[in-house]
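Student: Handing over protein.pdb, PDB, C-alpha atoms.
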MODEL        1
ATOM      1  CA  MET A   1      38.569  94.287  97.255
ATOM      2  CA  ASP A   2      34.839  94.487  96.527
ATOM      3  CA  ILE A   3      34.174  93.515  92.920
ATOM      4  CA  THR A   4      31.160  94.295  90.748
ATOM      5  CA  VAL A   5      30.433  92.365  87.560
ATOM      6  CA  ALA A   6      27.917  93.576  84.964
ATOM      7  CA  ILE A   7      26.123  90.759  83.153
ATOM      8  CA  ASP A   8      24.470  91.063  79.768
ATOM      9  CA  CYS A   9      21.450  88.951  80.647
ATOM     10  CA  MET A  10      19.862  89.016  77.199
ATOM     11  CA  GLY A  11      22.796  87.647  75.198
ATOM     12  CA  GLY A  12      23.331  84.058  74.097
ATOM     13  CA  ASP A  13      21.013  81.330  72.926
ATOM     14  CA  HIS A  14      19.060  81.164  76.189
ATOM     15  CA  GLY A  15      19.078  84.697  77.622
ATOM     16  CA  PRO A  16      17.815  85.203  81.204
ATOM     17  CA  HIS A  17      16.883  81.511  81.575
ATOM     18  CA  VAL A  18      20.623  80.799  81.855
ATOM     19  CA  THR A  19      22.288  84.092  82.779
ATOM     20  CA  VAL A  20      20.104  84.871  85.806
ATOM     21  CA  PRO A  21      20.343  81.478  87.575
ATOM     22  CA  ALA A  22      24.063  81.406  86.750
ATOM     23  CA  ALA A  23      24.458  84.782  88.476
ATOM     24  CA  LEU A  24      22.534  83.499  91.505
ATOM     25  CA  ASN A  25      24.732  80.403  91.740
ATOM     26  CA  PHE A  26      27.828  82.555  91.407
ATOM     27  CA  LEU A  27      26.723  84.924  94.172
ATOM     28  CA  GLY A  28      26.042  81.970  96.442
ATOM     29  CA  SER A  29      29.702  80.977  96.402
ATOM     30  CA  ASN A  30      31.341  84.419  96.176
ATOM     31  CA  ALA A  31      30.389  86.627  99.102
ATOM     32  CA  ASP A  32      32.655  89.533  98.149
ATOM     33  CA  VAL A  33      31.321  90.077  94.618
ATOM     34  CA  ASP A  34      28.267  92.091  93.526
ATOM     35  CA  VAL A  35      26.379  91.565  90.285
ATOM     36  CA  VAL A  36      24.447  93.958  88.044
ATOM     37  CA  LEU A  37      21.919  92.177  85.822
ATOM     38  CA  VAL A  38      21.512  94.210  82.631
ATOM     39  CA  GLY A  39      18.591  93.775  80.247
ATOM     40  CA  LEU A  40      14.818  93.889  79.990
ATOM     41  CA  ARG A  41      13.724  94.495  83.585
ATOM     42  CA  ASP A  42      10.487  92.492  83.366
ATOM     43  CA  ALA A  43      12.229  89.430  81.916
ATOM     44  CA  ILE A  44      15.020  89.532  84.507
ATOM     45  CA  GLU A  45      12.714  90.045  87.480
ATOM     46  CA  ALA A  46      10.431  87.249  86.263
ATOM     47  CA  GLU A  47      13.404  84.892  86.162
ATOM     48  CA  LEU A  48      14.518  86.017  89.610
ATOM     49  CA  LYS A  49      11.027  85.342  90.950
ATOM     50  CA  ALA A  50      11.015  81.883  89.359
ATOM     51  CA  HIS A  51      14.113  81.089  91.411
ATOM     52  CA  GLY A  52      12.790  82.612  94.626
ATOM     53  CA  ALA A  53      15.115  85.610  94.466
ATOM     54  CA  LYS A  54      14.714  89.359  94.224
ATOM     55  CA  PRO A  55      16.974  92.386  93.778
ATOM     56  CA  ASN A  56      19.110  93.330  96.765
ATOM     57  CA  PRO A  57      22.253  95.398  97.446
ATOM     58  CA  ARG A  58      24.462  92.633  95.982
ATOM     59  CA  LEU A  59      22.124  91.869  93.075
ATOM     60  CA  ARG A  60      20.926  94.917  91.169
ATOM     61  CA  VAL A  61      18.855  95.077  87.993
ATOM     62  CA  HIS A  62      19.790  97.708  85.409
ATOM     63  CA  HIS A  63      17.185  98.132  82.697
ATOM     64  CA  ALA A  64      18.216  98.165  79.023
ATOM     65  CA  SER A  65      15.473  98.446  76.425
ATOM     66  CA  GLU A  66      17.174  96.738  73.460
ATOM     67  CA  VAL A  67      18.688  93.352  72.651
ATOM     68  CA  VAL A  68      21.485  92.526  70.207
ATOM     69  CA  LEU A  69      20.487  89.462  68.215
ATOM     70  CA  MET A  70      22.931  86.604  67.725
ATOM     71  CA  ASP A  71      22.921  87.076  63.938
ATOM     72  CA  GLU A  72      22.946  90.870  63.990
ATOM     73  CA  SER A  73      25.707  92.754  62.207
ATOM     74  CA  PRO A  74      28.273  94.381  64.511
ATOM     75  CA  ALA A  75      27.801  97.696  62.693
ATOM     76  CA  ASN A  76      24.066  97.729  63.369
ATOM     77  CA  ALA A  77      24.552  96.781  67.011
ATOM     78  CA  LEU A  78      27.061  99.587  67.446
ATOM     79  CA  ARG A  79      25.216 102.341  65.580
ATOM     80  CA  ASN A  80      21.563 101.634  66.210
ATOM     81  CA  LYS A  81      21.305  99.882  69.569
ATOM     82  CA  LYS A  82      22.873 102.219  72.075
ATOM     83  CA  ASP A  83      20.539 100.997  74.836
ATOM     84  CA  SER A  84      21.130  97.286  74.249
ATOM     85  CA  SER A  85      21.920  95.091  77.240
ATOM     86  CA  MET A  86      25.353  94.472  75.731
ATOM     87  CA  ARG A  87      26.149  98.171  75.268
ATOM     88  CA  VAL A  88      24.860  99.156  78.694
ATOM     89  CA  ALA A  89      26.891  96.399  80.399
ATOM     90  CA  VAL A  90      30.060  97.645  78.702
ATOM     91  CA  ASP A  91      29.121 101.249  79.544
ATOM     92  CA  LEU A  92      29.011 100.276  83.228
ATOM     93  CA  VAL A  93      32.632  99.162  82.968
ATOM     94  CA  LYS A  94      33.541 102.405  81.220
ATOM     95  CA  SER A  95      31.903 104.503  83.948
ATOM     96  CA  GLY A  96      33.538 102.510  86.734
ATOM     97  CA  GLU A  97      30.241 101.205  88.130
ATOM     98  CA  ALA A  98      31.424  97.689  87.266
ATOM     99  CA  HIS A  99      34.908  96.205  87.181
ATOM    100  CA  ALA A 100      34.106  93.749  84.376
ATOM    101  CA  CYS A 101      31.281  92.597  82.173
ATOM    102  CA  VAL A 102      30.271  89.175  80.887
ATOM    103  CA  SER A 103      28.187  88.457  77.805
ATOM    104  CA  ALA A 104      27.182  85.364  75.849
ATOM    105  CA  GLY A 105      26.008  87.529  72.968
ATOM    106  CA  ASN A 106      27.129  88.040  69.390
ATOM    107  CA  THR A 107      30.950  87.926  69.407
ATOM    108  CA  GLY A 108      31.440  90.415  66.580
ATOM    109  CA  ALA A 109      29.033  92.884  68.140
ATOM    110  CA  LEU A 110      30.610  92.511  71.575
ATOM    111  CA  MET A 111      34.050  93.149  70.108
ATOM    112  CA  ALA A 112      32.865  96.204  68.170
ATOM    113  CA  VAL A 113      30.949  97.702  71.096
ATOM    114  CA  SER A 114      33.717  97.025  73.612
ATOM    115  CA  ARG A 115      36.411  98.496  71.393
ATOM    116  CA  PHE A 116      34.329 101.599  70.665
ATOM    117  CA  VAL A 117      33.295 102.223  74.279
ATOM    118  CA  LEU A 118      36.406 101.191  76.199
ATOM    119  CA  LYS A 119      39.106 101.956  73.594
ATOM    120  CA  MET A 120      42.441 100.155  73.340
ATOM    121  CA  LEU A 121      45.182 100.155  75.933
ATOM    122  CA  PRO A 122      48.178 102.302  74.929
ATOM    123  CA  GLY A 123      50.740 100.350  72.945
ATOM    124  CA  ILE A 124      48.245  97.744  71.720
ATOM    125  CA  ASP A 125      47.013  97.909  68.136
ATOM    126  CA  ARG A 126      44.316  95.240  68.215
ATOM    127  CA  PRO A 127      42.330  93.314  70.805
ATOM    128  CA  ALA A 128      42.665  89.539  70.873
ATOM    129  CA  ILE A 129      40.457  86.744  72.185
ATOM    130  CA  ILE A 130      42.183  84.463  74.688
ATOM    131  CA  ALA A 131      40.843  81.356  76.401
ATOM    132  CA  ALA A 132      42.178  78.381  78.314
ATOM    133  CA  LEU A 133      41.963  74.951  76.695
ATOM    134  CA  PRO A 134      42.427  71.626  78.509
ATOM    135  CA  SER A 135      45.829  69.959  78.221
ATOM    136  CA  ILE A 136      47.671  67.008  79.680
ATOM    137  CA  ARG A 137      49.363  69.371  82.131
ATOM    138  CA  GLY A 138      46.206  71.251  83.072
ATOM    139  CA  SER A 139      45.444  74.024  80.614
ATOM    140  CA  THR A 140      46.969  76.008  77.760
ATOM    141  CA  TYR A 141      45.966  79.580  76.951
ATOM    142  CA  VAL A 142      45.565  80.317  73.246
ATOM    143  CA  LEU A 143      45.200  83.636  71.434
ATOM    144  CA  ASP A 144      43.970  84.956  69.099
ATOM    145  CA  LEU A 145      40.820  82.848  68.755
ATOM    146  CA  GLY A 146      39.033  84.887  66.118
ATOM    147  CA  ALA A 147      39.253  88.632  66.600
ATOM    148  CA  ASN A 148      41.908  89.202  63.915
ATOM    149  CA  VAL A 149      41.867  87.201  60.698
ATOM    150  CA  ASP A 150      44.997  88.847  59.295
ATOM    151  CA  CYS A 151      47.917  89.719  61.553
ATOM    152  CA  GLY A 152      51.401  91.099  61.155
ATOM    153  CA  PRO A 153      54.433  89.946  63.150
ATOM    154  CA  GLU A 154      54.133  92.901  65.525
ATOM    155  CA  HIS A 155      50.552  91.944  66.350
ATOM    156  CA  LEU A 156      51.591  88.394  67.242
ATOM    157  CA  LEU A 157      54.268  89.850  69.518
ATOM    158  CA  GLN A 158      51.672  92.032  71.242
ATOM    159  CA  PHE A 159      49.393  89.021  71.657
ATOM    160  CA  ALA A 160      52.243  87.103  73.284
ATOM    161  CA  ILE A 161      52.980  89.917  75.732
ATOM    162  CA  MET A 162      49.297  90.279  76.622
ATOM    163  CA  GLY A 163      48.853  86.522  77.032
ATOM    164  CA  ALA A 164      51.947  86.180  79.199
ATOM    165  CA  THR A 165      50.801  89.069  81.384
ATOM    166  CA  LEU A 166      47.365  87.533  81.911
ATOM    167  CA  VAL A 167      48.686  84.029  82.641
ATOM    168  CA  ALA A 168      51.317  85.370  85.037
ATOM    169  CA  ALA A 169      48.488  87.088  86.938
ATOM    170  CA  VAL A 170      45.748  84.464  87.063
ATOM    171  CA  GLU A 171      47.963  81.363  87.185
ATOM    172  CA  HIS A 172      50.612  82.962  89.414
ATOM    173  CA  LYS A 173      53.533  82.050  87.160
ATOM    174  CA  ASP A 174      56.460  84.455  87.053
ATOM    175  CA  ARG A 175      57.641  83.566  83.540
ATOM    176  CA  PRO A 176      55.009  81.569  81.688
ATOM    177  CA  SER A 177      56.272  79.850  78.568
ATOM    178  CA  VAL A 178      55.175  81.107  75.149
ATOM    179  CA  GLY A 179      54.965  79.039  71.972
ATOM    180  CA  LEU A 180      54.234  80.156  68.423
ATOM    181  CA  LEU A 181      51.760  77.936  66.574
ATOM    182  CA  ASN A 182      53.316  76.705  63.339
ATOM    183  CA  ILE A 183      53.277  73.789  60.893
ATOM    184  CA  GLY A 184      56.569  72.524  62.310
ATOM    185  CA  GLU A 185      58.987  73.113  65.148
ATOM    186  CA  GLU A 186      61.918  74.020  62.891
ATOM    187  CA  ASP A 187      62.800  77.685  62.432
ATOM    188  CA  ILE A 188      62.582  77.367  58.645
ATOM    189  CA  LYS A 189      58.914  76.325  58.764
ATOM    190  CA  GLY A 190      55.920  78.635  58.326
ATOM    191  CA  ASN A 191      55.090  81.715  56.307
ATOM    192  CA  GLU A 192      57.029  84.968  56.456
ATOM    193  CA  VAL A 193      54.733  86.495  59.078
ATOM    194  CA  VAL A 194      55.299  83.608  61.472
ATOM    195  CA  LYS A 195      59.056  83.538  60.835
ATOM    196  CA  ARG A 196      59.360  87.261  61.526
ATOM    197  CA  ALA A 197      57.140  86.943  64.606
ATOM    198  CA  ALA A 198      59.475  84.250  65.939
ATOM    199  CA  GLU A 199      62.427  86.631  65.567
ATOM    200  CA  LEU A 200      60.578  89.342  67.487
ATOM    201  CA  LEU A 201      59.591  86.891  70.221
ATOM    202  CA  ARG A 202      63.181  85.694  70.655
ATOM    203  CA  ALA A 203      64.271  89.295  71.228
ATOM    204  CA  SER A 204      61.308  90.212  73.451
ATOM    205  CA  GLY A 205      62.519  88.980  76.819
ATOM    206  CA  LEU A 206      59.530  86.645  77.084
ATOM    207  CA  ASN A 207      60.052  82.986  77.968
ATOM    208  CA  PHE A 208      59.711  82.028  74.294
ATOM    209  CA  ILE A 209      60.255  78.300  73.674
ATOM    210  CA  GLY A 210      59.927  78.427  69.879
ATOM    211  CA  ASN A 211      57.491  76.983  67.390
ATOM    212  CA  ILE A 212      55.000  74.328  68.432
ATOM    213  CA  GLU A 213      52.608  72.284  66.339
ATOM    214  CA  GLY A 214      48.884  71.942  66.964
ATOM    215  CA  ASP A 215      49.184  68.820  69.102
ATOM    216  CA  GLY A 216      51.510  70.745  71.428
ATOM    217  CA  ILE A 217      48.524  72.752  72.673
ATOM    218  CA  TYR A 218      46.965  69.662  74.223
ATOM    219  CA  LYS A 219      50.277  68.187  75.320
ATOM    220  CA  GLY A 220      50.797  71.324  77.381
ATOM    221  CA  GLU A 221      54.108  72.187  75.739
ATOM    222  CA  ALA A 222      53.611  75.900  76.474
ATOM    223  CA  ASP A 223      51.561  77.967  78.892
ATOM    224  CA  ILE A 224      50.536  80.335  76.080
ATOM    225  CA  VAL A 225      50.238  79.589  72.374
ATOM    226  CA  VAL A 226      50.084  82.498  69.923
ATOM    227  CA  CYS A 227      48.529  82.499  66.447
ATOM    228  CA  ASP A 228      46.391  84.703  64.222
ATOM    229  CA  GLY A 229      42.625  84.685  64.652
ATOM    230  CA  PHE A 230      41.905  82.692  61.496
ATOM    231  CA  VAL A 231      44.107  79.775  62.544
ATOM    232  CA  GLY A 232      43.035  80.019  66.169
ATOM    233  CA  ASN A 233      39.321  79.951  65.456
ATOM    234  CA  VAL A 234      39.610  77.014  63.043
ATOM    235  CA  MET A 235      41.684  75.124  65.629
ATOM    236  CA  LEU A 236      39.160  75.863  68.378
ATOM    237  CA  LYS A 237      36.106  74.774  66.392
ATOM    238  CA  ALA A 238      37.864  71.634  65.136
ATOM    239  CA  SER A 239      38.800  70.759  68.715
ATOM    240  CA  GLU A 240      35.218  71.196  69.908
ATOM    241  CA  GLY A 241      34.061  68.913  67.106
ATOM    242  CA  ILE A 242      36.594  66.227  68.042
ATOM    243  CA  VAL A 243      35.428  66.230  71.670
ATOM    244  CA  GLN A 244      31.815  65.804  70.562
ATOM    245  CA  MET A 245      32.777  63.002  68.165
ATOM    246  CA  VAL A 246      34.703  61.106  70.858
ATOM    247  CA  ARG A 247      31.757  61.345  73.228
ATOM    248  CA  VAL A 248      29.355  60.000  70.592
ATOM    249  CA  PHE A 249      31.697  57.160  69.639
ATOM    250  CA  ILE A 250      32.176  56.089  73.268
ATOM    251  CA  ARG A 251      28.429  56.140  73.882
ATOM    252  CA  GLU A 252      27.738  54.124  70.731
ATOM    253  CA  GLU A 253      30.336  51.478  71.602
ATOM    254  CA  PHE A 254      29.009  50.975  75.119
ATOM    255  CA  MET A 255      25.416  50.712  73.822
ATOM    256  CA  ARG A 256      26.316  48.174  71.131
ATOM    257  CA  SER A 257      25.290  45.031  73.077
ATOM    258  CA  THR A 258      24.197  43.756  76.465
ATOM    259  CA  LEU A 259      27.801  42.890  77.299
ATOM    260  CA  THR A 260      29.120  46.363  76.420
ATOM    261  CA  ARG A 261      26.301  47.954  78.452
ATOM    262  CA  PHE A 262      27.372  45.847  81.419
ATOM    263  CA  VAL A 263      30.991  46.870  80.947
ATOM    264  CA  GLY A 264      29.871  50.476  80.632
ATOM    265  CA  ALA A 265      28.108  50.274  84.002
ATOM    266  CA  ILE A 266      31.300  48.981  85.612
ATOM    267  CA  VAL A 267      33.519  51.717  84.204
ATOM    268  CA  LYS A 268      30.924  54.472  84.652
ATOM    269  CA  PRO A 269      32.979  56.322  87.325
ATOM    270  CA  VAL A 270      35.968  56.397  84.966
ATOM    271  CA  LEU A 271      33.826  57.673  82.100
ATOM    272  CA  ARG A 272      32.350  60.349  84.344
ATOM    273  CA  ALA A 273      35.823  61.535  85.326
ATOM    274  CA  PHE A 274      36.860  61.487  81.664
ATOM    275  CA  ARG A 275      33.888  63.649  80.688
ATOM    276  CA  GLN A 276      34.642  66.103  83.473
ATOM    277  CA  ARG A 277      38.256  66.538  82.356
ATOM    278  CA  LEU A 278      37.131  67.308  78.804
ATOM    279  CA  ASP A 279      34.011  69.257  79.793
ATOM    280  CA  PRO A 280      34.242  72.523  77.784
ATOM    281  CA  ARG A 281      31.982  74.218  80.331
ATOM    282  CA  ARG A 282      34.851  74.189  82.834
ATOM    283  CA  PHE A 283      36.890  76.347  80.452
ATOM    284  CA  ASN A 284      34.081  78.656  79.362
ATOM    285  CA  GLY A 285      34.940  82.326  79.256
ATOM    286  CA  ALA A 286      37.177  83.990  76.668
ATOM    287  CA  THR A 287      38.660  87.390  77.422
ATOM    288  CA  LEU A 288      38.725  90.284  74.953
ATOM    289  CA  LEU A 289      42.285  91.236  75.756
ATOM    290  CA  GLY A 290      43.822  94.647  75.061
ATOM    291  CA  LEU A 291      40.882  96.871  76.006
ATOM    292  CA  ARG A 292      40.726  99.493  78.760
ATOM    293  CA  GLY A 293      38.441  97.231  80.729
ATOM    294  CA  ILE A 294      37.749  93.556  81.351
ATOM    295  CA  VAL A 295      35.223  91.960  79.011
ATOM    296  CA  VAL A 296      34.610  88.207  79.056
ATOM    297  CA  LYS A 297      32.756  86.394  76.279
ATOM    298  CA  SER A 298      30.808  83.270  77.202
ATOM    299  CA  HIS A 299      29.936  80.635  74.639
ATOM    300  CA  GLY A 300      26.497  81.465  73.251
ATOM    301  CA  SER A 301      25.108  78.008  74.028
ATOM    302  CA  ALA A 302      26.518  77.834  77.566
ATOM    303  CA  ASP A 303      24.312  76.365  80.271
ATOM    304  CA  VAL A 304      24.021  77.652  83.841
ATOM    305  CA  PHE A 305      27.231  75.952  84.981
ATOM    306  CA  GLY A 306      29.194  77.162  81.966
ATOM    307  CA  PHE A 307      28.016  80.771  82.215
ATOM    308  CA  ALA A 308      28.842  80.861  85.924
ATOM    309  CA  ARG A 309      32.389  79.814  84.989
ATOM    310  CA  ALA A 310      32.610  82.808  82.653
ATOM    311  CA  ILE A 311      31.587  85.089  85.539
ATOM    312  CA  GLU A 312      34.270  83.453  87.677
ATOM    313  CA  ARG A 313      36.816  84.119  84.927
ATOM    314  CA  ALA A 314      35.945  87.833  84.994
ATOM    315  CA  MET A 315      36.193  87.917  88.780
ATOM    316  CA  GLU A 316      39.614  86.211  88.739
ATOM    317  CA  GLU A 317      40.981  88.744  86.268
ATOM    318  CA  VAL A 318      39.744  91.679  88.330
ATOM    319  CA  ARG A 319      41.028  90.172  91.572
ATOM    320  CA  ASN A 320      44.458  89.520  90.071
ATOM    321  CA  GLU A 321      44.654  93.017  88.532
ATOM    322  CA  VAL A 322      45.105  91.852  84.952
ATOM    323  CA  LEU A 323      44.150  95.247  83.531
ATOM    324  CA  GLN A 324      46.587  97.128  85.758
ATOM    325  CA  ARG A 325      49.381  94.684  84.899
ATOM    326  CA  LEU A 326      48.740  95.154  81.187
ATOM    327  CA  MET A 327      48.809  98.932  81.562
ATOM    328  CA  ARG A 328      52.127  98.756  83.404
ATOM    329  CA  ARG A 329      53.607  96.256  80.949
ATOM    330  CA  PHE A 330      52.745  98.224  77.835
ATOM    331  CA  GLY A 331      53.642 101.488  79.478
ATOM    332  CA  GLU A 332      57.108 100.024  80.025
ATOM    333  CA  THR A 333      57.181  98.891  76.377
ATOM    334  CA  GLU A 334      56.320 102.375  75.128
ATOM    335  CA  GLN A 335      58.976 103.949  77.347
ATOM    336  CA  ALA A 336      61.597 101.480  76.079
ATOM    337  CA  GLU A 337      60.679 102.209  72.454
ATOM    338  CA  GLY A 338      60.806 105.958  73.081
ATOM    339  CA  ALA A 339      64.306 105.686  74.547
ATOM    340  CA  THR A 340      65.709 103.938  71.449
TER
ENDMDL
END
What's the structure tokens form of this structure?
Tutor:
Amino acid sequence: MDITVAIDCMGGDHGPHVTVPAALNFLGSNADVDVVLVGLRDAIEAELKAHGAKPNPRLRVHHASEVVLMDESPANALRNKKDSSMRVAVDLVKSGEAHACVSAGNTGALMAVSRFVLKMLPGIDRPAIIAALPSIRGSTYVLDLGANVDCGPEHLLQFAIMGATLVAAVEHKDRPSVGLLNIGEEDIKGNEVVKRAAELLRASGLNFIGNIEGDGIYKGEADIVVCDGFVGNVMLKASEGIVQMVRVFIREEFMRSTLTRFVGAIVKPVLRAFRQRLDPRRFNGATLLGLRGIVVKSHGSADVFGFARAIERAMEEVRNEVLQRLMRRFGETEQAEGAT
């Protein structure tokens, strides 16, 4: 199928200087995907010119006169910036002109705008942010990563169903395993919300393997790990900090003396491979799951490589019909609940 992705070119820390070349790189390796660059026309076309490119049938520019700032309140972005690059990109998904949109902009604003414009899928109370994290076995998908600070047991169940549906689609796994993030593996551990969520998950028909602790995410103990947004966001930011600390420590140790520099030169290929396996850019692109459309959030500080990965994430979800699978799955859930 022909796929069109709308890109909020003005979002993020770097704006068109990253989003436009990332889109060009993406188009170069994906011949069956079109891109709509949304934002200030002059800024986008200037960046295209700097890279020797210009608009064409596969690369259209859609002007939007406003920009949502990274520190702007979601309420202000929603109420007062109806022609922002973020809003217009989401509107293109709503109208069907694009199959997905990608933005590196303000997360809260993107969530508010997307939920208002696209609405929720039937049977889903709240959207959740899901992303893949590196693990010993490849990757582990975790949700929610910050959209919902307080959750009830039913919300965690919905997150699990959404996560399992997405992973089954993009990773081609019939019954991906689901773990519930907790302070211990035993059933008696955790607060009442987590305990009740575990009961619901056991009765859900999902491939629920029980509680897992934080280290289980990186051991690859489950394909999907479910938690509330407060816990998930703290875990994510702490993990990013640990990766940065390890990199600094390794660099400092190899620069400590002439001998360690020499050793560092010898093991440089190993260090390069190590960095690549932990490179967060490879996993850039978190999906706002539960909406009537595909919206992917890139890290605000992503470089060209990282932002292109977020575009690829959106393309993969469209190609594997994640939205249609979610609609069928929750339609089945509603029918089952109505029959009881």
Student: Using only C-alpha atoms, determine which residues lie at most 6 Å from segment 171-180 of chain A, disregarding the query and same-chain residues fewer than 3 positions distant; provide the list as a PyMOL selection string.
Tutor: chain A and resi 167-168+207-212+222-226
Student: Just the selected residues (C-alpha atoms), exported as a PDB file, in the frame of the given file, please.
Tutor:
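Result went into again-v2.pdb, see below:
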ATOM      1  CA  VAL A 167      48.686  84.029  82.641  1.00  0.00           C
ATOM      2  CA  ALA A 168      51.317  85.370  85.037  1.00  0.00           C
ATOM      3  CA  ASN A 207      60.052  82.986  77.968  1.00  0.00           C
ATOM      4  CA  PHE A 208      59.711  82.028  74.294  1.00  0.00           C
ATOM      5  CA  ILE A 209      60.255  78.300  73.674  1.00  0.00           C
ATOM      6  CA  GLY A 210      59.927  78.427  69.879  1.00  0.00           C
ATOM      7  CA  ASN A 211      57.491  76.983  67.390  1.00  0.00           C
ATOM      8  CA  ILE A 212      55.000  74.328  68.432  1.00  0.00           C
ATOM      9  CA  ALA A 222      53.611  75.900  76.474  1.00  0.00           C
ATOM     10  CA  ASP A 223      51.561  77.967  78.892  1.00  0.00           C
ATOM     11  CA  ILE A 224      50.536  80.335  76.080  1.00  0.00           C
ATOM     12  CA  VAL A 225      50.238  79.589  72.374  1.00  0.00           C
ATOM     13  CA  VAL A 226      50.084  82.498  69.923  1.00  0.00           C
TER      14      VAL A 226
END
Student: Using Å and a single decimal, report how far atom CA of Phe116 of chain A sits from atom CA of Leu323 of chain A.
Tutor: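 For atom CA of Leu323 of chain A relative to atom CA of Phe116 of chain A, the distance reads 17.4 Å.
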Student: Which one is closest to Lys195 of chain A: A:Pro74, A:Pro269, A:Pro153, A:Gly105? Count all atoms listed in the file.
Tutor: A:Pro153
Student: Pick the closest to Ser85 of chain A from A:Met10, A:Ile124, A:Ile183, A:Val5: which is it, counting all atoms listed in the file?
Tutor: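 Of all the options, A:Met10 lies closest to Ser85 of chain A.
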Student: Give the answer as one residue: which of A:Arg60, A:Ile3, A:Glu47, A:Cys227 has the shortest atom-to-atom distance to Asn320 of chain A, using only C-alpha atoms?
Tutor: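 Using only C-alpha atoms, Asn320 of chain A sits closest to A:Ile3.
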Student: Take the PyMOL selection byres ((chain A and resi 112) around 10), run it mentally on this structure, and tell me the resulting residues as number ranges by chain.
Tutor: A: 73-75, 77-78, 87, 107-111, 113-117
Student: If I put a ball of radius 12 Å at (39.7, 68.0, 68.7) in the file's coordinates, which residues poke into it when counting all atoms listed in the file, written as a list in words?
Tutor: Leu133, Pro134, Ser135, Gly214, Asp215, Ile217, Tyr218, Val234, Met235, Leu236, Lys237, Ala238, Ser239, Glu240, Gly241, Ile242, Val243, Gln244, Met245, Val246, Arg247, Leu278 and Pro280 of chain A
Student: When you count all atoms listed in the file, which of these residues is closest to Gly11 of chain A: A:Thr287, A:Gln276, A:Ser103, A:Ser95?
Tutor: A:Ser103
Student: Applying 7 Å and all atoms listed in the file, which residues near Ala100 of chain A remain after dropping the ones on its own chain fewer than 3 positions away? List them as a PDB file with C-alpha atoms, in the coordinates of the input.
Tutor:
ATOM      1  CA  VAL A   5      30.433  92.365  87.560  1.00  0.00           C
ATOM      2  CA  ALA A   6      27.917  93.576  84.964  1.00  0.00           C
ATOM      3  CA  VAL A  93      32.632  99.162  82.968  1.00  0.00           C
ATOM      4  CA  GLY A 293      38.441  97.231  80.729  1.00  0.00           C
ATOM      5  CA  ILE A 294      37.749  93.556  81.351  1.00  0.00           C
ATOM      6  CA  VAL A 295      35.223  91.960  79.011  1.00  0.00           C
ATOM      7  CA  ALA A 314      35.945  87.833  84.994  1.00  0.00           C
TER       8      ALA A 314
END
Student: Please determine, counting all atoms listed in the file, which residue among A:Ala265, A:Met120, A:Ile311, A:Ala128 has the shortest atom-to-atom distance to Val35 of chain A.
Tutor: A:Ile311
Student: Apply the PyMOL selection byres ((chain A and resi 148) around 10) to the structure shown and report the selected residues as a list of chain:residue names.
Tutor: A:Arg126, A:Pro127, A:Ala128, A:Ile129, A:Leu143, A:Asp144, A:Leu145, A:Gly146, A:Ala147, A:Val149, A:Asp150, A:Cys151, A:His155, A:Cys227, A:Asp228, A:Gly229, A:Phe230, A:Val231, A:Gly232, A:Asn233
